[in-house]
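**Q** Dumping the structure here so I can ask a few things about it.
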Amino acid sequence: MDREPDVSSDFSRRDKATRAAVFALFFISGFAALLYQIIWQRVLTTFSGADVFSVTIVVAAFMAGLGCGSLVGGYVADRVSAGKGILLFALAELAVALFAFASLRLYYDVLGIRLGHLADSPSVLALVLFVSLLWPTFFMGMSLPLLAKALTRRVEGAAHLVGSLYAFNTMGAAVGAFLTTWWFMRTLGFERTVYLGAMLNTCAALGAWLLAPSLLGDGGARREMSPPRSDSPDDARPVTAVGHAAAEASRLAVPVWMIVYGLSGFIALSLEIVWFRMLGVMLKSNSFTFGHLLSLFLAGLTIGTFAGIKWVGRSTHHAVVFLSLQAGISVYTAVSLLALHGSVEHLQPIWEYLGRYEPLGLRDPLTQVALMYLALPLAIIGPPTVMMGVSFPFLQRLVHQDLAGLGVRVGSLQAANIFGSMLGAGLTGWGLLRFLGTAATFKALVLFGAVFGLLLLVPRSGGRRSWAPAAGAAGLTTGLCLLAWLMPGQASLWATLHGTTPDRMIHVEDESGLSVLKNPSLSFRAETQVFANGLGQSAVPFPSHHVALGLVPVMLHPDPKQIAIVGLGSGATLYAAAGRRETAHIDLIEIVAPQLETLRQLSRRNNDGGIGALLADGRITYTFGDARAVLRLSNRKYDLIESDALRPTSASAGNLYSIEYFTLLKNHLTKGGFAVSWAPTSRVVDTFVTVFPHVMLYEQPDIAMLIGSNQPIAWDPVAMRTRLGSPFSRAHYARASVDIDRYFKIFSTAQPTIFNAAPGRTRIVDVNTDLFPRDEFRVAR
């Protein structure tokens, strides 16, 4: 095979030193960018909410800014010299740094606290997020085309150089995502982590400013456009290699290649969404899962891009390689899912964990953690992300045939990919998952891969027509259709990933999440376990600790007319809180909407009295969304607001155990109303007592709960037993087989701890806040 020469050998020592320094600076830039993405995306949930709709808008707004920056950056890059391009990169990094220093004031203090009402309108929400993210993401997007044009001396080296820039930036992003997730958020909190990112951007700006003089005054852009010297190694470049490269590029016009790369971005981001949903269920995700998986995704891109840089100079079939790799992503996705579905039952450690109720904990062996958090994700997303990375330099080689307009092509290509990713985020996050579910979405994305196979039919300029491409494309399309047909359906996939069989499971999925009920009995007469996004949440019949969370406060309150419950699960806490005749209305707020439908299906299968009575209770209104957003936008006040038991280490659980959340509850209480929370840690207790002037800590072997109020709380066993013994309450709890005699005894013997208003409680510092949810990230006390 004719090979292109190693174009990197034509750089002078000064060029190589400059290039290495720029690579290092772009690594730092990528590191900071992912640090911001992880922190800003989390902090913005205090404004937009943490539901899928809101998170998808945040992702789309982030990408929109990057795409706009790429387009403008490419246009500007072609109109300035190399040195000025480096200076503009320095200014872009400085612009990001300056914004970052003030970003949490905007995203949290202004949007999250003062302007939260703007999130009530989806269109206003999208506009506000786009505008608020435009400044930093625009300047981030400008960077690649500016640096690509500034450093490229010859078009033959464009694929190598642009690929190297992309690889180092993505490597920085991978390292940034990993360290932010596992280290910085745990040790620094969100605010100081963002300040660290701002300092890194400042360092990158300073470094670029110091480098710029080396590229100023020596020809700049004119030097880039000058032809190579007669003794340049490219003079000895085989003519056939040049001809092959041009012929390969001629298969499609540059604008068409951009559309193709947009499709590639659509598929990549869509796959990321469904991969992360599937892996989140399998891992029983916690606060570290998303950032960890993102770092593995980016690491695969990095490895692939470096491999592509080495390969692209040795190949003359750039279009064939690029299109084959893109199709190969779909092939591997299908094959890996089939392999996982068919073999996981025989992989005992994984199979046992999939069937578990509890997530991985500190007591689990390190080998189990490594298996679930490294081996399993890498087997699923490792090869396809490597293929994505390998394809990047090949596409760059296809679109760059001269230096004129290189910046625009780099920027436009990136923008096309980014806008395709935006479309993938919206269509998959809001549409495909809702109407098709994860399994069918996988199938659809696999079939999309056939487009790349069909593009292989397009002949290159001057090439001989042959039946081989047609046969290959037909075989690939047929193969992908067959693989899609063989891939598991919804019931089979989710049953396997919960360690059971379809006939022992009820499942419902939409864009907000996955709800699964599983039972060891085909008749569903045994205990039914309730799972949300793979994580065990409750059971039917109702567990005693969930019942206590609802029953005790409602019997303690003298007149609970208006009640709000956060979290549905099995309905145990909701049902227990509905046990007083005086209660006129209950608002149930749940973020995973399918949970209600799974309970309906369970009621039809086993005729459970508690579930049936719950579903028939006309006092209950169901609202699906982020609880903080729902409460913030509501003017209603409640006699009782309660959060169902939620593990403090679950993803985003810190939003329901923070000072700010408890303050939100306090502001929505009537005079003498109760706010109730599970007390899983001593830090939660300290956080709670800093907010409420009057607090009761109720502790029993199966549950510890906090009850806070704006008025003194009186533990009155006689009144509580009287209320519980009323005909309405007795009949209500009897339908769910709740042992009320147990509570008669508890009310007589329990001695809760009372915290009345006292100075000094507000000065407790080791607490959970929105900007440092310590318990969520397992920060030791």
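By convention in this document, the chains of the structure tokens carry letters A, B, ... by their order, each chain's residues are numbered from 1, and ligands are numbered from 1 in the order they are shown.
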Any idea what's packed within 8 Å of range 660-671 of chain A, counting only C-alpha atoms, ignoring anything in its chain fewer than 4 positions away? Could you give it as a PyMOL selection string?

**A** chain A and resi 628+631-632+635-641+655-656+675+688+691-692+709-711+769-770

**Q** Pick out the residues sitting within 12 Å of Gln601 in chain A, and hand them over as a list in words; count only C-alpha atoms, and ignore anything fewer than 3 positions along from it in its own chain.

**A** Met505, Ile506, His507, Val508, Ser515, Val516, Leu517, Lys518, Phe524, Pro594, Gln595, Leu596, Glu597, Thr598, Arg604, Arg605, Asn606, Asn607, Asp608, Ile611, Gly612 and Leu615 of chain A

**Q** Output N, CA and C atoms for every residue in the selection just made, as a CSV table (one decimal), in the first residue's frame.

**A**
```csv
chain,number,residue,atom,x,y,z
A,505,MET,N,-41.8,-10.2,36.4
A,505,MET,CA,-41.5,-8.8,36.5
A,505,MET,C,-42.6,-8.0,35.8
A,506,ILE,N,-42.8,-6.8,36.4
A,506,ILE,CA,-43.6,-5.7,35.8
A,506,ILE,C,-42.7,-4.6,35.5
A,507,HIS,N,-42.8,-4.0,34.3
A,507,HIS,CA,-41.9,-2.9,34.0
A,507,HIS,C,-42.6,-1.9,33.2
A,508,VAL,N,-42.3,-0.6,33.4
A,508,VAL,CA,-42.8,0.5,32.6
A,508,VAL,C,-41.6,1.5,32.5
A,515,SER,N,-39.3,1.9,35.9
A,515,SER,CA,-39.8,1.4,37.1
A,515,SER,C,-40.0,-0.1,36.9
A,516,VAL,N,-39.5,-0.9,37.8
A,516,VAL,CA,-39.6,-2.4,37.8
A,516,VAL,C,-40.1,-2.9,39.1
A,517,LEU,N,-41.1,-3.8,39.0
A,517,LEU,CA,-41.5,-4.6,40.2
A,517,LEU,C,-41.2,-6.1,39.9
A,518,LYS,N,-40.5,-6.7,40.8
A,518,LYS,CA,-40.2,-8.1,40.6
A,518,LYS,C,-40.6,-9.0,41.8
A,524,PHE,N,-47.3,-13.5,41.8
A,524,PHE,CA,-47.0,-12.2,42.5
A,524,PHE,C,-47.7,-12.2,43.8
A,594,PRO,N,-43.2,6.4,35.6
A,594,PRO,CA,-43.7,5.1,35.4
A,594,PRO,C,-44.0,4.3,36.7
A,595,GLN,N,-43.6,4.8,37.9
A,595,GLN,CA,-43.9,4.1,39.1
A,595,GLN,C,-45.4,3.9,39.3
A,596,LEU,N,-46.1,4.9,39.0
A,596,LEU,CA,-47.6,4.8,39.2
A,596,LEU,C,-48.2,3.7,38.4
A,597,GLU,N,-47.8,3.6,37.1
A,597,GLU,CA,-48.4,2.6,36.2
A,597,GLU,C,-48.0,1.2,36.7
A,598,THR,N,-46.8,1.0,37.1
A,598,THR,CA,-46.4,-0.3,37.6
A,598,THR,C,-47.3,-0.7,38.8
A,604,ARG,N,-53.8,-5.1,39.5
A,604,ARG,CA,-54.6,-6.0,38.7
A,604,ARG,C,-54.1,-7.4,38.8
A,605,ARG,N,-52.8,-7.6,39.1
A,605,ARG,CA,-52.3,-9.0,39.1
A,605,ARG,C,-52.5,-9.7,40.5
A,606,ASN,N,-52.3,-8.9,41.6
A,606,ASN,CA,-52.4,-9.6,42.9
A,606,ASN,C,-53.5,-9.1,43.8
A,607,ASN,N,-54.2,-8.0,43.4
A,607,ASN,CA,-55.4,-7.5,44.1
A,607,ASN,C,-55.0,-7.1,45.5
A,608,ASP,N,-53.8,-6.5,45.7
A,608,ASP,CA,-53.3,-6.1,47.0
A,608,ASP,C,-54.3,-5.0,47.6
A,611,ILE,N,-52.6,-1.3,47.9
A,611,ILE,CA,-52.4,-0.7,46.6
A,611,ILE,C,-53.7,-0.3,45.9
A,612,GLY,N,-54.7,-1.2,46.0
A,612,GLY,CA,-56.0,-0.9,45.5
A,612,GLY,C,-56.7,0.3,46.1
A,615,LEU,N,-54.8,3.6,45.0
A,615,LEU,CA,-55.1,4.0,43.7
A,615,LEU,C,-56.6,4.6,43.6
```

**Q** Counting only C-alpha atoms, which of A:Gly361, A:Gly176, A:Gly116, A:Gly407 gets nearest to Ala82 in chain A?

**A**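 Closest residue, counting only C-alpha atoms: A:Gly407.
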
**Q** Using only C-alpha atoms, which of A:Gly567, A:Gly579, A:Gly141, A:Gly304 sits nearest Gly74 in chain A?

**A** A:Gly141

**Q** I'd like the neighbourhood of Met278 in chain A as a PyMOL selection string, where a residue qualifies if any of its atoms comes within 9 Å (using only C-alpha atoms), though same-chain residues fewer than 5 positions away should be ignored.

**A** chain A and resi 273+283+438+494+497+533-534

**Q** The selected residues should be written to file as a PDB file, in the first residue's frame (atoms: all heavy atoms).

**A**
```
ATOM      1  N   ILE A 273     -26.714   8.324  25.685  1.00  0.00           N
ATOM      2  CA  ILE A 273     -27.893   8.403  26.562  1.00  0.00           C
ATOM      3  C   ILE A 273     -28.407   7.009  26.921  1.00  0.00           C
ATOM      4  O   ILE A 273     -28.658   6.705  28.095  1.00  0.00           O
ATOM      5  CB  ILE A 273     -29.001   9.243  25.892  1.00  0.00           C
ATOM      6  CG1 ILE A 273     -28.575  10.712  25.834  1.00  0.00           C
ATOM      7  CG2 ILE A 273     -30.323   9.092  26.647  1.00  0.00           C
ATOM      8  CD1 ILE A 273     -29.520  11.580  25.028  1.00  0.00           C
ATOM      9  N   LEU A 283     -25.573  -0.731  37.324  1.00  0.00           N
ATOM     10  CA  LEU A 283     -24.685  -0.362  38.430  1.00  0.00           C
ATOM     11  C   LEU A 283     -25.446   0.072  39.671  1.00  0.00           C
ATOM     12  O   LEU A 283     -24.868   0.213  40.735  1.00  0.00           O
ATOM     13  CB  LEU A 283     -23.748   0.767  37.996  1.00  0.00           C
ATOM     14  CG  LEU A 283     -22.812   0.470  36.826  1.00  0.00           C
ATOM     15  CD1 LEU A 283     -21.949   1.679  36.516  1.00  0.00           C
ATOM     16  CD2 LEU A 283     -21.935  -0.730  37.112  1.00  0.00           C
ATOM     17  N   THR A 438     -35.795   1.807  25.928  1.00  0.00           N
ATOM     18  CA  THR A 438     -34.357   1.644  25.706  1.00  0.00           C
ATOM     19  C   THR A 438     -34.055   0.572  24.666  1.00  0.00           C
ATOM     20  O   THR A 438     -33.229   0.778  23.765  1.00  0.00           O
ATOM     21  CB  THR A 438     -33.664   1.290  27.036  1.00  0.00           C
ATOM     22  OG1 THR A 438     -33.805   2.400  27.938  1.00  0.00           O
ATOM     23  CG2 THR A 438     -32.187   1.004  26.825  1.00  0.00           C
ATOM     24  N   TRP A 494     -34.857  -5.799  30.351  1.00  0.00           N
ATOM     25  CA  TRP A 494     -34.909  -5.313  31.723  1.00  0.00           C
ATOM     26  C   TRP A 494     -35.049  -6.440  32.736  1.00  0.00           C
ATOM     27  O   TRP A 494     -34.564  -6.308  33.875  1.00  0.00           O
ATOM     28  CB  TRP A 494     -36.054  -4.308  31.869  1.00  0.00           C
ATOM     29  CG  TRP A 494     -35.803  -3.009  31.158  1.00  0.00           C
ATOM     30  CD1 TRP A 494     -36.650  -2.362  30.312  1.00  0.00           C
ATOM     31  CD2 TRP A 494     -34.622  -2.199  31.235  1.00  0.00           C
ATOM     32  NE1 TRP A 494     -36.073  -1.203  29.853  1.00  0.00           N
ATOM     33  CE2 TRP A 494     -34.819  -1.086  30.406  1.00  0.00           C
ATOM     34  CE3 TRP A 494     -33.405  -2.317  31.919  1.00  0.00           C
ATOM     35  CZ2 TRP A 494     -33.869  -0.075  30.243  1.00  0.00           C
ATOM     36  CZ3 TRP A 494     -32.453  -1.326  31.755  1.00  0.00           C
ATOM     37  CH2 TRP A 494     -32.690  -0.222  30.932  1.00  0.00           C
ATOM     38  N   LEU A 497     -31.495  -7.629  33.231  1.00  0.00           N
ATOM     39  CA  LEU A 497     -30.677  -6.662  33.961  1.00  0.00           C
ATOM     40  C   LEU A 497     -31.180  -6.416  35.377  1.00  0.00           C
ATOM     41  O   LEU A 497     -30.599  -5.596  36.103  1.00  0.00           O
ATOM     42  CB  LEU A 497     -30.610  -5.345  33.184  1.00  0.00           C
ATOM     43  CG  LEU A 497     -29.991  -5.452  31.784  1.00  0.00           C
ATOM     44  CD1 LEU A 497     -29.795  -4.084  31.171  1.00  0.00           C
ATOM     45  CD2 LEU A 497     -28.667  -6.211  31.827  1.00  0.00           C
ATOM     46  N   ASN A 533     -35.042   2.808  38.346  1.00  0.00           N
ATOM     47  CA  ASN A 533     -33.751   2.922  37.654  1.00  0.00           C
ATOM     48  C   ASN A 533     -32.724   1.937  38.208  1.00  0.00           C
ATOM     49  O   ASN A 533     -31.549   2.264  38.386  1.00  0.00           O
ATOM     50  CB  ASN A 533     -33.231   4.349  37.738  1.00  0.00           C
ATOM     51  CG  ASN A 533     -34.108   5.329  36.976  1.00  0.00           C
ATOM     52  OD1 ASN A 533     -34.672   4.985  35.946  1.00  0.00           O
ATOM     53  ND2 ASN A 533     -34.238   6.538  37.490  1.00  0.00           N
ATOM     54  N   GLY A 534     -33.191   0.723  38.484  1.00  0.00           N
ATOM     55  CA  GLY A 534     -32.314  -0.354  38.916  1.00  0.00           C
ATOM     56  C   GLY A 534     -32.063  -0.433  40.400  1.00  0.00           C
ATOM     57  O   GLY A 534     -31.484  -1.417  40.880  1.00  0.00           O
TER      58      GLY A 534
END
```

**Q** Return the single residue from A:Val59, A:Leu111, A:Ile754, A:Ala370 that is closest to Ile707 in chain A, with distances computed using only C-alpha atoms.

**A**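 Closest candidate: A:Ile754.
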
**Q** Go ahead and compute the interatomic distance for CA of Glu699 in chain A and CA of Gly725 in chain A, in Å to one decimal.

**A**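 We find that CA of Glu699 in chain A and CA of Gly725 in chain A lie 22.2 Å from each other.
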
**Q** Between A:Gly49, A:Pro255, A:Pro648, A:Gly499, which residue has the minimum interatomic distance to Arg356 in chain A, considering only C-alpha atoms?

**A** A:Gly499
